[in-house]
Structures are given as C-alpha cells and as structure tokens.
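Right, one structure below, let's go through it.
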Amino acid sequence: MKKFLLTLTVIAAFQNALAQEITLDKIYSGYYRGKGIAGITSMKNGENYLVIEQGGIAKYSYKTSQKEGNIVDGNFESYEFSDDESKILLLKESQPIYRHSFLGIYDVKDLKSGKVLSLNDGKPVQEPRFSPDATKIAFIVDNNLFYQDLNSGKITQITEHGVKNKVLNGLADWVYEEEFGHARLYEWTKNSADILFVKLVETDVPEIYIPIYGKSLYPSEMRYKYPKAGEKNSVASAHIYHLADGKKTKVNLDSFKNYYIPNVIQTANADEIVLITSQRTQNASDILKVNTKTGEAKKLFTETDDKWIDTDNVTLEFLEDNSFLWASERDGFRHLYWFDKDGKLKKQVTKGNWEVTEYYGYNPKSQEIFVQTTEKGSINKVVSKINIQNGKSQLISNAEGNNDANFSKNYNYFIETSSTAAKPYTFVLKDGNGKQLKELQNNDDQLKKLQADQFAVKEFITIPNNAGDQMNAWIIKPKNFDPNKKYPLFMYQYSGPGSQQVSNSWDNGNALWFEMLAQKGYIIACVDGRGTGYKGSKFKKVTYKNLGKYEIEDQIVAAKWLGNQKYIDKTRIGIFGWSFGGYMASLAMTKGADVFKAGIAVAPVTNWRYYDSVYTERFLLTPQENPAGYDENSPTTYANLLKGKFLLIHGTADDNVHFQNSMEFSEALIQNRKQFEFMAYPDKNHGIYGGQTRPQLYQKMTDFILENL
C-alpha cells in the first residue's frame, strides 16, 4: 500500500510539473493576458485626463491620480472631443472594412446641455470629424462627404459622385489606406469655413476579386480596386468646399508633384491647409500650402532622397506662429527640422546617430519639444524633452526598454507606458521632468504566471554580416539550458523595410509561442538584418531596387553564425515568418536550402509583381523599370532548389497579400516535383483569425516543427 501511495504521489508530482509550463491552451484561453489603460486623453486644462472604462469614460486628476467620476456613462469603443471640449463624439459600435477603415455608429453628446444627437440619424458613417468651432461634424457615407449641423441636426451633402470601386471623396482607396497609413483624406480649416478633400477616381484601376465560400451553395465575391506594381493607380485631385455658399474650388496642382496626395493637414492659420504630394517613384515630395479662400497652392519646399521617402511615416506639426516641425532622414537618421511659415529652414532641432521615432508635442511656455528616440540604443526607445532654441535635452523616461508617453496639455504631467523584454507593461504617472508620482498599473500578475511556467528571458546579442554590420538579435534558451548540449534552432524574422523585431520590449504576441517551443527543447532566435529600421537610412535603404537580396543573405549568414555556436545543431535549423517574413522564409528554404532544414511561410509575397503599387514601387520602382529586381529575388524563381520540409499557409480571403501568391509558388514547386505541405484557411484575411482559427493554426505549426526539426 505504501508503495502504491508513493507511486500516486510521484505521478501527481509529475503531472503538477507538467502543468508548470506554457501551453497553447493557456495562451489562447487568456490565462496570460495582460492589463492596460485604454483611451488616455488629456483634457484642455492639463489637470485631468480621461480613460475608457467599463461603464463609461472616466475622469481622473493628474495631481491626485484619483477618479473624479464619469463624464459620460455607457460603453464605448472610442471617443473624441471637440476642440473646445463642449462636445464629445462617442463610437458605440463598429464594423471593420480594411486595415484602418471601418463603419461606425456614433452619438454626439453636448457636455453642457446633456443633449445627445445620433450622428447621421444613427446610420453608419466613416471618418467623422468635428469642425474646429464644434458646431458641425463632417463624415463619409458611400464614398461621399457630408456634414451635419449639431444645433439643427440638418445634414448637408457635399459631394454627389461617390461610387464604390469608382470614385471616393475624402476617403482613401485600398492602397492609400494600406500604404499611407490612414483612411481620412479631408480636413477642416481652422476657421471652420472650408473643407479641403482629396478625390480619388479609381475607374481605370484593375479590380481584384476574391471568392467568399461561407456556407452558401454558390460562393459570393469580394471585389475591390487593387493596383499591383506597375499598374494604373487612382487619379488624385484636391478640392475645396466652401460652407458659406456650397461651392467647390479645384486646387490646381499641375506645377507640382501630384501623382499621390497622401496627406491633408490643418495649419495654425485660419484659411490654410497643407497638402503633401508625391511623384510615383516616392523619392520626392512637395509640401504645399493651399489658400482655401482662393484655391492657390504654393510650395513650401520639396523633400528629396536618392532612394525613397517614407511617405507612410509623416511628421508635420504647426506651431502657434505657423512655423512647423518636419521629420526627415536627410542627414542619414530621422530627425526633426524647424521651418518658418514660408518653408525656409530655421534649424535642425535634433541630431546624432539615433532617430526620432515619435513626436508628442511642443510646449510654447518652455520652448521644449517632447519626443521618443533611440538615443539609448537602437533596441530601446526613450522619451526626452528638447529645448527648440538651444538644443538642451533631458531624458524623462526610463533609460532602457520601450517607453511611450501621453502628455497633459500643459506638459506638467505624462503617463509613461513602459516595458522591457523581461517585464510586461507598467503605467506610471510622472511630472514633466520625469519624476515618478505614482504607479497606476502594472502586470506583475501576468509575469508571475509566466515565471511559474518557466518563462525564459530573451538575451540580446549582435551578429556580424558580410558587409561589416553588427545585426541586432535576440535568443531564447530553454530554462534548463545546458551549454554542453546541442539544440535545434528555430529562427523568426519579418525583415521588411524599416521594421524591427529585435526590440527590448514586452511581446504579447508570438513570444509566448516561442517560449513554449523553447520549453520543448528549441533555441529560438530573431535577427534584424539589413533593410530593418532604427539604425539609420544607410542600413535601411541598402535594399533599394533589390528587395529581398540582402535581407536573405543576412538571414543565411546569421543562421550559419548561430549554427557554429557549440550549443546549436547546425543540421537542425528552421525558419518562420508571416507576410514579408513569409517571403523571407520562402527564400530561405530555396536560396538557403543548404542551411535551413525546415521552414514555415505564412501569407507570403512570392513575387512582388503581385503586390500593391505604392509599397512595392517605393522600394523597387515599377516592374517595367526594374524587372530584375522583381524576378531575381522571387522565391518562385528558385523553386527548384527546395530541399527541406516546407509548410506554406495562406488565408483564401487575404485582401492584402493575395492567395494568388501561394498558388503561383505552389505551382512552381509542383512543376519542380518538390514535396511540401500546404494549409489554406477558408475566407480568412491576412491576419488568419476568428473562432478557433488561431489555436488550430498554431497547433498545426507546432506539430510541423516537432515532427520536422
């Protein structure tokens, strides 16, 4: 009996030990889910801030950090104040369209009278925006621009010719939204007298159609305009609507670069709007000031680059005197430059072998700007304030990790959101000099659960490439790591232009899966090679016209370097990536077939000819101008080289990287008599999620790794 009880005790201890590990069930049950603070916004007085909570939008005091009640009761997805804070726009429910766009049902509440108005009579709208005087809200319905008077409730239609897949007014088409990073293409003037909007005519843009299977007898179709590399894009024009008389003025842009109009920005002047325009090659942008009374456009300056300009990452901030701050890579690193109101450069505000990654604002009282930078190393992001006159800088956040800030309107306070690879997000209230006043929230419980389940902290290293660069990398080793044992290596990367995966920050995404794999006996590593961001434009832009060439060379070099470490089995190296990372994994399994034993490519681009015009041409020019840049870096070209075990995964309704990419690559592999695994996810988009999709997907990938690596 004693022996039997002892056996039961051993079994129970073994089962308990097994429970102390990271599993897919725990990951997807929300067991490790962290906490955050949603919708932080400073009020105009600089003494209070708002957050979204269950049951309402709560008002807190910066000074005491105590809640002072709700300014609005109810459950909302987001909110936005009018400039004078007399009214608030409340998003009650939304339905996504593409990456940034969605249909929303909104209420407008007058905070003085308590009156609530249903915007557009409670019917869905896109991109609503208060007029600066808080008397009206503009919005978009069915590709047409409208505004509603908030006193009378009257709705006025501004444009009449908006038609799906033909004409958009004030709204981005698919490629603008995806690659310029926003859906709204209109703006009010500061005096609320005019609205400048961009009109996109996409009649001649080729159309993509995607079958939607669902449970219908016959599949339906999703159709939309998608300009692939070298194909026709929407024709863009700028127009001004004058509220006083309802008339429109077309802005003459014939003398300027006008192929794309990615940005419409309000200035500090009453009757001005700035347009940022670009030629198709995206290596030159005009910054134009438009007089909305006359419709006349004047060039402030032209930003140029011998390779490309990041037209999807614009920082342009007007100060009270209408001078402005502009972010540029003109000295090799992304820094801020100060121009006068006429576009003449006053001075370079920030300088050094580091980059400005975020601009938070300017305090005219102290003449200081507030920014996030990489001045403490490219894997860290810190917050500083810098005097715009003398350049004096003061670090006001933690000196390591990833630190973000949300400032009070008077810059006397900020809420710092910080994390490292070893510590989940904390939210701390600080004064304007960086002194901690109170910790508002932490994720110690999340970390304790992970530590109890044998969480292993990433190690940061650098790895040399063949060009003499030191590439940032991280490694996850099993908790019981034995340096005298040889482990299989599983590499993860993204590698796209300007991206970063090697960051000293907390990762609530794939990192938990990587931790689980490490517990199963794998070394996990990630390397940011040439083409990635935050190390200067030379490192990032060396890939120009040859997207994929240097990136895969660096992943192969990194795999060989890691394989030469005494604790790694160089015969068992695998690689995984999604989207651009899937493209790289596909190249690794073909061009790097002698190095990689197994690979997983999810939603990969397999030929840049199939991807959209704005993104692809930014880095490669058109296929007509640079055919070799497309074909010589396509994994399809090297399908005959595949040797190892390969798993290809794609959602059939991917509106971003079309299923066509994996179909073409599959056909090339088939015709070369190469065996591989393929998994299609019906009606799933680029993110491949919904219901039990993600748990099934990650179990599929886990099983593949365990069986083949």
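In the structure tokens, each chain is lettered A, B, ... as it comes, each chain's residues begin at 1, and ligands are numbered from 1 in order of appearance.
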Report as an MDAnalysis selection string all protein, DNA and RNA residues lying within 12 Å of range 589-592 of chain A, evaluated on only C-alpha atoms, omitting residues in the same chain fewer than 6 positions from it. chainID A and resid 548:560 573:577 582:583 598:601 606 632:648 665 668:669 674 676
Among range 542-584 of chain A, which ones does DSSP place in helix (DSSP H, G or I), written as a PyMOL selection string? chain A and resi 549-563+580-584
Would you mind exporting N, CA and C atoms of the selected residues as a PDB file, in the first residue's frame?
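Output (out33.pdb):
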```pdb
ATOM      1  N   LYS A 549      17.157  40.638 -51.561  1.00  0.00           N
ATOM      2  CA  LYS A 549      18.512  40.137 -51.839  1.00  0.00           C
ATOM      3  C   LYS A 549      19.405  40.153 -50.597  1.00  0.00           C
ATOM      4  N   TYR A 550      19.577  41.348 -50.004  1.00  0.00           N
ATOM      5  CA  TYR A 550      20.476  41.471 -48.852  1.00  0.00           C
ATOM      6  C   TYR A 550      19.823  40.941 -47.579  1.00  0.00           C
ATOM      7  N   GLU A 551      18.493  41.047 -47.523  1.00  0.00           N
ATOM      8  CA  GLU A 551      17.785  40.560 -46.337  1.00  0.00           C
ATOM      9  C   GLU A 551      17.988  39.054 -46.163  1.00  0.00           C
ATOM     10  N   ILE A 552      17.864  38.292 -47.268  1.00  0.00           N
ATOM     11  CA  ILE A 552      18.019  36.838 -47.135  1.00  0.00           C
ATOM     12  C   ILE A 552      19.494  36.467 -46.962  1.00  0.00           C
ATOM     13  N   GLU A 553      20.383  37.222 -47.573  1.00  0.00           N
ATOM     14  CA  GLU A 553      21.806  36.973 -47.343  1.00  0.00           C
ATOM     15  C   GLU A 553      22.120  37.078 -45.851  1.00  0.00           C
ATOM     16  N   ASP A 554      21.561  38.091 -45.195  1.00  0.00           N
ATOM     17  CA  ASP A 554      21.836  38.292 -43.768  1.00  0.00           C
ATOM     18  C   ASP A 554      21.212  37.201 -42.904  1.00  0.00           C
ATOM     19  N   GLN A 555      20.036  36.710 -43.282  1.00  0.00           N
ATOM     20  CA  GLN A 555      19.430  35.618 -42.506  1.00  0.00           C
ATOM     21  C   GLN A 555      20.241  34.336 -42.663  1.00  0.00           C
ATOM     22  N   ILE A 556      20.761  34.099 -43.851  1.00  0.00           N
ATOM     23  CA  ILE A 556      21.595  32.913 -44.070  1.00  0.00           C
ATOM     24  C   ILE A 556      22.896  33.021 -43.280  1.00  0.00           C
ATOM     25  N   VAL A 557      23.522  34.199 -43.335  1.00  0.00           N
ATOM     26  CA  VAL A 557      24.756  34.419 -42.575  1.00  0.00           C
ATOM     27  C   VAL A 557      24.499  34.249 -41.082  1.00  0.00           C
ATOM     28  N   ALA A 558      23.387  34.803 -40.599  1.00  0.00           N
ATOM     29  CA  ALA A 558      23.055  34.693 -39.175  1.00  0.00           C
ATOM     30  C   ALA A 558      22.823  33.236 -38.784  1.00  0.00           C
ATOM     31  N   ALA A 559      22.136  32.480 -39.642  1.00  0.00           N
ATOM     32  CA  ALA A 559      21.889  31.065 -39.357  1.00  0.00           C
ATOM     33  C   ALA A 559      23.201  30.285 -39.277  1.00  0.00           C
ATOM     34  N   LYS A 560      24.130  30.587 -40.180  1.00  0.00           N
ATOM     35  CA  LYS A 560      25.431  29.904 -40.152  1.00  0.00           C
ATOM     36  C   LYS A 560      26.216  30.285 -38.898  1.00  0.00           C
ATOM     37  N   TRP A 561      26.178  31.567 -38.537  1.00  0.00           N
ATOM     38  CA  TRP A 561      26.901  32.027 -37.336  1.00  0.00           C
ATOM     39  C   TRP A 561      26.340  31.336 -36.099  1.00  0.00           C
ATOM     40  N   LEU A 562      25.017  31.307 -35.998  1.00  0.00           N
ATOM     41  CA  LEU A 562      24.390  30.653 -34.852  1.00  0.00           C
ATOM     42  C   LEU A 562      24.680  29.153 -34.870  1.00  0.00           C
ATOM     43  N   GLY A 563      24.652  28.567 -36.073  1.00  0.00           N
ATOM     44  CA  GLY A 563      24.924  27.142 -36.194  1.00  0.00           C
ATOM     45  C   GLY A 563      26.327  26.751 -35.774  1.00  0.00           C
ATOM     46  N   PHE A 580       5.826  39.687 -45.102  1.00  0.00           N
ATOM     47  CA  PHE A 580       7.191  39.856 -45.595  1.00  0.00           C
ATOM     48  C   PHE A 580       8.084  38.764 -45.006  1.00  0.00           C
ATOM     49  N   GLY A 581       7.812  38.419 -43.766  1.00  0.00           N
ATOM     50  CA  GLY A 581       8.571  37.333 -43.138  1.00  0.00           C
ATOM     51  C   GLY A 581       8.324  35.998 -43.805  1.00  0.00           C
ATOM     52  N   GLY A 582       7.106  35.793 -44.331  1.00  0.00           N
ATOM     53  CA  GLY A 582       6.815  34.573 -45.084  1.00  0.00           C
ATOM     54  C   GLY A 582       7.562  34.545 -46.399  1.00  0.00           C
ATOM     55  N   TYR A 583       7.676  35.711 -47.005  1.00  0.00           N
ATOM     56  CA  TYR A 583       8.503  35.859 -48.214  1.00  0.00           C
ATOM     57  C   TYR A 583       9.937  35.454 -47.921  1.00  0.00           C
ATOM     58  N   MET A 584      10.463  35.926 -46.787  1.00  0.00           N
ATOM     59  CA  MET A 584      11.838  35.593 -46.416  1.00  0.00           C
ATOM     60  C   MET A 584      12.000  34.108 -46.099  1.00  0.00           C
TER      61      MET A 584
END
```
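Straight-line separation from CA of Val125 in chain A to CA of Lys109 in chain A: 16.8 Å.
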Excluding Phe318 in chain A and its own-chain neighbours fewer than 2 positions away, which residues fall within 9 Å of it when counting only C-alpha atoms? Please give them as an MDAnalysis selection string. chainID A and resid 266:268 316 320:325 341
Neighbours of Met679 in chain A within 12 Å (only C-alpha atoms; same-chain residues fewer than 4 positions away dropped), as a PDB file with N, CA and C atoms, in the first residue's frame?
```pdb
ATOM      1  N   ILE A 600       8.472  27.583 -42.298  1.00  0.00           N
ATOM      2  CA  ILE A 600       7.039  27.874 -42.342  1.00  0.00           C
ATOM      3  C   ILE A 600       6.861  29.275 -42.895  1.00  0.00           C
ATOM      4  N   ALA A 601       6.106  29.386 -43.984  1.00  0.00           N
ATOM      5  CA  ALA A 601       5.812  30.683 -44.588  1.00  0.00           C
ATOM      6  C   ALA A 601       4.308  30.926 -44.502  1.00  0.00           C
ATOM      7  N   VAL A 602       3.923  31.982 -43.785  1.00  0.00           N
ATOM      8  CA  VAL A 602       2.504  32.320 -43.645  1.00  0.00           C
ATOM      9  C   VAL A 602       2.213  33.575 -44.454  1.00  0.00           C
ATOM     10  N   ALA A 603       1.192  33.501 -45.301  1.00  0.00           N
ATOM     11  CA  ALA A 603       0.728  34.635 -46.117  1.00  0.00           C
ATOM     12  C   ALA A 603       1.875  35.353 -46.810  1.00  0.00           C
ATOM     13  N   PHE A 646       8.802  21.953 -45.868  1.00  0.00           N
ATOM     14  CA  PHE A 646       8.259  23.294 -46.051  1.00  0.00           C
ATOM     15  C   PHE A 646       6.752  23.284 -45.850  1.00  0.00           C
ATOM     16  N   LEU A 647       6.276  24.202 -44.997  1.00  0.00           N
ATOM     17  CA  LEU A 647       4.841  24.370 -44.752  1.00  0.00           C
ATOM     18  C   LEU A 647       4.429  25.755 -45.229  1.00  0.00           C
ATOM     19  N   LEU A 648       3.514  25.779 -46.178  1.00  0.00           N
ATOM     20  CA  LEU A 648       3.007  27.021 -46.765  1.00  0.00           C
ATOM     21  C   LEU A 648       1.574  27.218 -46.280  1.00  0.00           C
ATOM     22  N   ILE A 649       1.272  28.434 -45.774  1.00  0.00           N
ATOM     23  CA  ILE A 649      -0.028  28.712 -45.163  1.00  0.00           C
ATOM     24  C   ILE A 649      -0.578  30.024 -45.720  1.00  0.00           C
ATOM     25  N   HIS A 650      -1.879  30.050 -46.033  1.00  0.00           N
ATOM     26  CA  HIS A 650      -2.459  31.297 -46.547  1.00  0.00           C
ATOM     27  C   HIS A 650      -3.971  31.296 -46.306  1.00  0.00           C
ATOM     28  N   GLY A 651      -4.526  32.477 -46.041  1.00  0.00           N
ATOM     29  CA  GLY A 651      -5.969  32.651 -45.970  1.00  0.00           C
ATOM     30  C   GLY A 651      -6.512  32.927 -47.359  1.00  0.00           C
ATOM     31  N   THR A 652      -7.630  32.289 -47.717  1.00  0.00           N
ATOM     32  CA  THR A 652      -8.133  32.436 -49.085  1.00  0.00           C
ATOM     33  C   THR A 652      -8.709  33.825 -49.347  1.00  0.00           C
ATOM     34  N   PHE A 659      -4.062  35.374 -52.119  1.00  0.00           N
ATOM     35  CA  PHE A 659      -3.891  33.918 -52.168  1.00  0.00           C
ATOM     36  C   PHE A 659      -3.140  33.493 -53.436  1.00  0.00           C
ATOM     37  N   SER A 662       0.572  32.362 -53.060  1.00  0.00           N
ATOM     38  CA  SER A 662       0.866  30.987 -52.660  1.00  0.00           C
ATOM     39  C   SER A 662       0.483  29.985 -53.738  1.00  0.00           C
ATOM     40  N   MET A 663      -0.544  30.336 -54.526  1.00  0.00           N
ATOM     41  CA  MET A 663      -0.921  29.452 -55.625  1.00  0.00           C
ATOM     42  C   MET A 663       0.195  29.389 -56.675  1.00  0.00           C
ATOM     43  N   SER A 666       3.126  27.479 -55.209  1.00  0.00           N
ATOM     44  CA  SER A 666       2.797  26.051 -55.157  1.00  0.00           C
ATOM     45  C   SER A 666       2.965  25.405 -56.523  1.00  0.00           C
ATOM     46  N   LYS A 684     -10.421  33.524 -44.677  1.00  0.00           N
ATOM     47  CA  LYS A 684      -9.649  34.265 -43.677  1.00  0.00           C
ATOM     48  C   LYS A 684      -8.745  35.278 -44.374  1.00  0.00           C
ATOM     49  N   ILE A 688      -5.494  35.856 -40.471  1.00  0.00           N
ATOM     50  CA  ILE A 688      -5.874  34.453 -40.230  1.00  0.00           C
ATOM     51  C   ILE A 688      -6.330  34.260 -38.776  1.00  0.00           C
ATOM     52  N   THR A 693      -9.618  29.554 -35.100  1.00  0.00           N
ATOM     53  CA  THR A 693      -8.617  29.537 -36.171  1.00  0.00           C
ATOM     54  C   THR A 693      -7.198  29.634 -35.636  1.00  0.00           C
ATOM     55  N   GLN A 696      -5.911  26.510 -33.826  1.00  0.00           N
ATOM     56  CA  GLN A 696      -5.679  25.432 -34.783  1.00  0.00           C
ATOM     57  C   GLN A 696      -4.422  25.692 -35.605  1.00  0.00           C
ATOM     58  N   LEU A 697      -4.248  26.951 -36.032  1.00  0.00           N
ATOM     59  CA  LEU A 697      -3.079  27.333 -36.832  1.00  0.00           C
ATOM     60  C   LEU A 697      -1.788  27.085 -36.059  1.00  0.00           C
ATOM     61  N   TYR A 698      -1.751  27.542 -34.810  1.00  0.00           N
ATOM     62  CA  TYR A 698      -0.502  27.407 -34.046  1.00  0.00           C
ATOM     63  C   TYR A 698      -0.242  25.969 -33.614  1.00  0.00           C
ATOM     64  N   LYS A 700      -1.022  23.493 -35.622  1.00  0.00           N
ATOM     65  CA  LYS A 700      -0.518  22.967 -36.894  1.00  0.00           C
ATOM     66  C   LYS A 700       0.978  23.267 -37.036  1.00  0.00           C
ATOM     67  N   MET A 701       1.366  24.503 -36.759  1.00  0.00           N
ATOM     68  CA  MET A 701       2.775  24.880 -36.896  1.00  0.00           C
ATOM     69  C   MET A 701       3.639  24.193 -35.840  1.00  0.00           C
ATOM     70  N   PHE A 704       4.208  20.642 -36.891  1.00  0.00           N
ATOM     71  CA  PHE A 704       5.155  20.605 -38.012  1.00  0.00           C
ATOM     72  C   PHE A 704       6.594  20.734 -37.516  1.00  0.00           C
TER      73      PHE A 704
END
```
Leaving out Tyr147 in chain A and any residue of its chain fewer than 6 positions from it, which residues lie within 8 Å of it when counting only C-alpha atoms, given as an mmCIF file with N, CA and C atoms, in the first residue's frame?
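Contents of the output file around_19.cif:
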```
data_model
loop_
_atom_site.group_PDB
_atom_site.id
_atom_site.type_symbol
_atom_site.label_atom_id
_atom_site.label_comp_id
_atom_site.auth_asym_id
_atom_site.auth_seq_id
_atom_site.Cartn_x
_atom_site.Cartn_y
_atom_site.Cartn_z
ATOM 1 N N LYS A 136 -20.340 71.618 -36.070
ATOM 2 C CA LYS A 136 -20.654 70.667 -37.131
ATOM 3 C C LYS A 136 -19.726 69.456 -37.046
ATOM 4 N N ILE A 137 -20.131 68.386 -37.697
ATOM 5 C CA ILE A 137 -19.266 67.214 -37.879
ATOM 6 C C ILE A 137 -19.360 66.790 -39.337
ATOM 7 N N ALA A 138 -18.206 66.624 -39.971
ATOM 8 C CA ALA A 138 -18.158 66.064 -41.316
ATOM 9 C C ALA A 138 -18.013 64.553 -41.213
ATOM 10 N N PHE A 139 -18.480 63.840 -42.219
ATOM 11 C CA PHE A 139 -18.354 62.384 -42.242
ATOM 12 C C PHE A 139 -18.551 61.887 -43.668
ATOM 13 N N ILE A 155 -28.448 67.702 -42.191
ATOM 14 C CA ILE A 155 -27.336 67.057 -42.883
ATOM 15 C C ILE A 155 -27.219 67.635 -44.290
ATOM 16 N N THR A 156 -26.023 68.064 -44.641
ATOM 17 C CA THR A 156 -25.758 68.638 -45.964
ATOM 18 C C THR A 156 -24.800 67.728 -46.720
ATOM 19 N N GLN A 157 -25.159 67.382 -47.946
ATOM 20 C CA GLN A 157 -24.290 66.556 -48.785
ATOM 21 C C GLN A 157 -23.328 67.453 -49.552
ATOM 22 N N ILE A 158 -22.043 67.153 -49.450
ATOM 23 C CA ILE A 158 -21.006 67.973 -50.082
ATOM 24 C C ILE A 158 -20.664 67.465 -51.478
#
```
Pairwise distance for CA of Lys298 in chain A and CA of Ser192 in chain A, rounded to one decimal in Å: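 Calculated distance between CA of Lys298 in chain A and CA of Ser192 in chain A is 21.3 Å.
The space separating CA of Asp121 in chain A from CA of Asp142 in chain A comes to 15.2 Å.
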Need the shell around range 165-182 of chain A: protein/DNA/RNA residues with any atom at most 7 Å away, counting only C-alpha atoms. Skip same-chain ones fewer than 4 positions apart. Format as a PyMOL selection string? chain A and resi 99-100+143-145+161+186+197-203+224-226+262+311-312+612+614-615
Under the rule that only C-alpha atoms are counted, which of A:Thr357, A:Gln282, A:Gln565, A:Asn291 is the nearest residue to Lys485 in chain A?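 Under the stated criterion, the closest residue is A:Gln565.
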Closest of A:Tyr425, A:Trp506, A:Trp578, A:Trp474 to Tyr494 in chain A - atom-to-atom distances counting only C-alpha atoms: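 Closest residue, counting only C-alpha atoms: A:Trp578.
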Based on the backbone DSSP call, show me all residues of range 84-159 of chain A assigned strand (DSSP E), as a PyMOL selection string. chain A and resi 87-96+102-110+116-118+126-130+136-141+144-149+155-157
Applying 6 Å and only C-alpha atoms, which residues near Ala58 in chain A remain after dropping the ones on its own chain fewer than 6 positions away? List them as a ChimeraX atom specification. /A:50-51,69-70
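With only C-alpha atoms as the atoms that count, the minimum distance from Thr64 in chain A to the choices A:Val108, A:Gln454, A:Asn120, A:Tyr413 is reached by A:Tyr413.
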Nearest to Asn191 in chain A: which of A:Gln126, A:Ser82, A:Thr292, A:Gln148 is it, counting only C-alpha atoms?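 Using only C-alpha atoms, the shortest distance to Asn191 in chain A belongs to A:Thr292.
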Pick out the closest residue to Leu275 in chain A from this set: A:Asp194, A:Asp107, A:Glu187, A:Glu231. Count only C-alpha atoms. A:Glu187
Between A:Asp254, A:Tyr259, A:Glu80, A:Asn363, which one has atoms that come closest to Glu296 in chain A, using only C-alpha atoms?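 Result for the nearest residue to Glu296 in chain A: A:Asp254.
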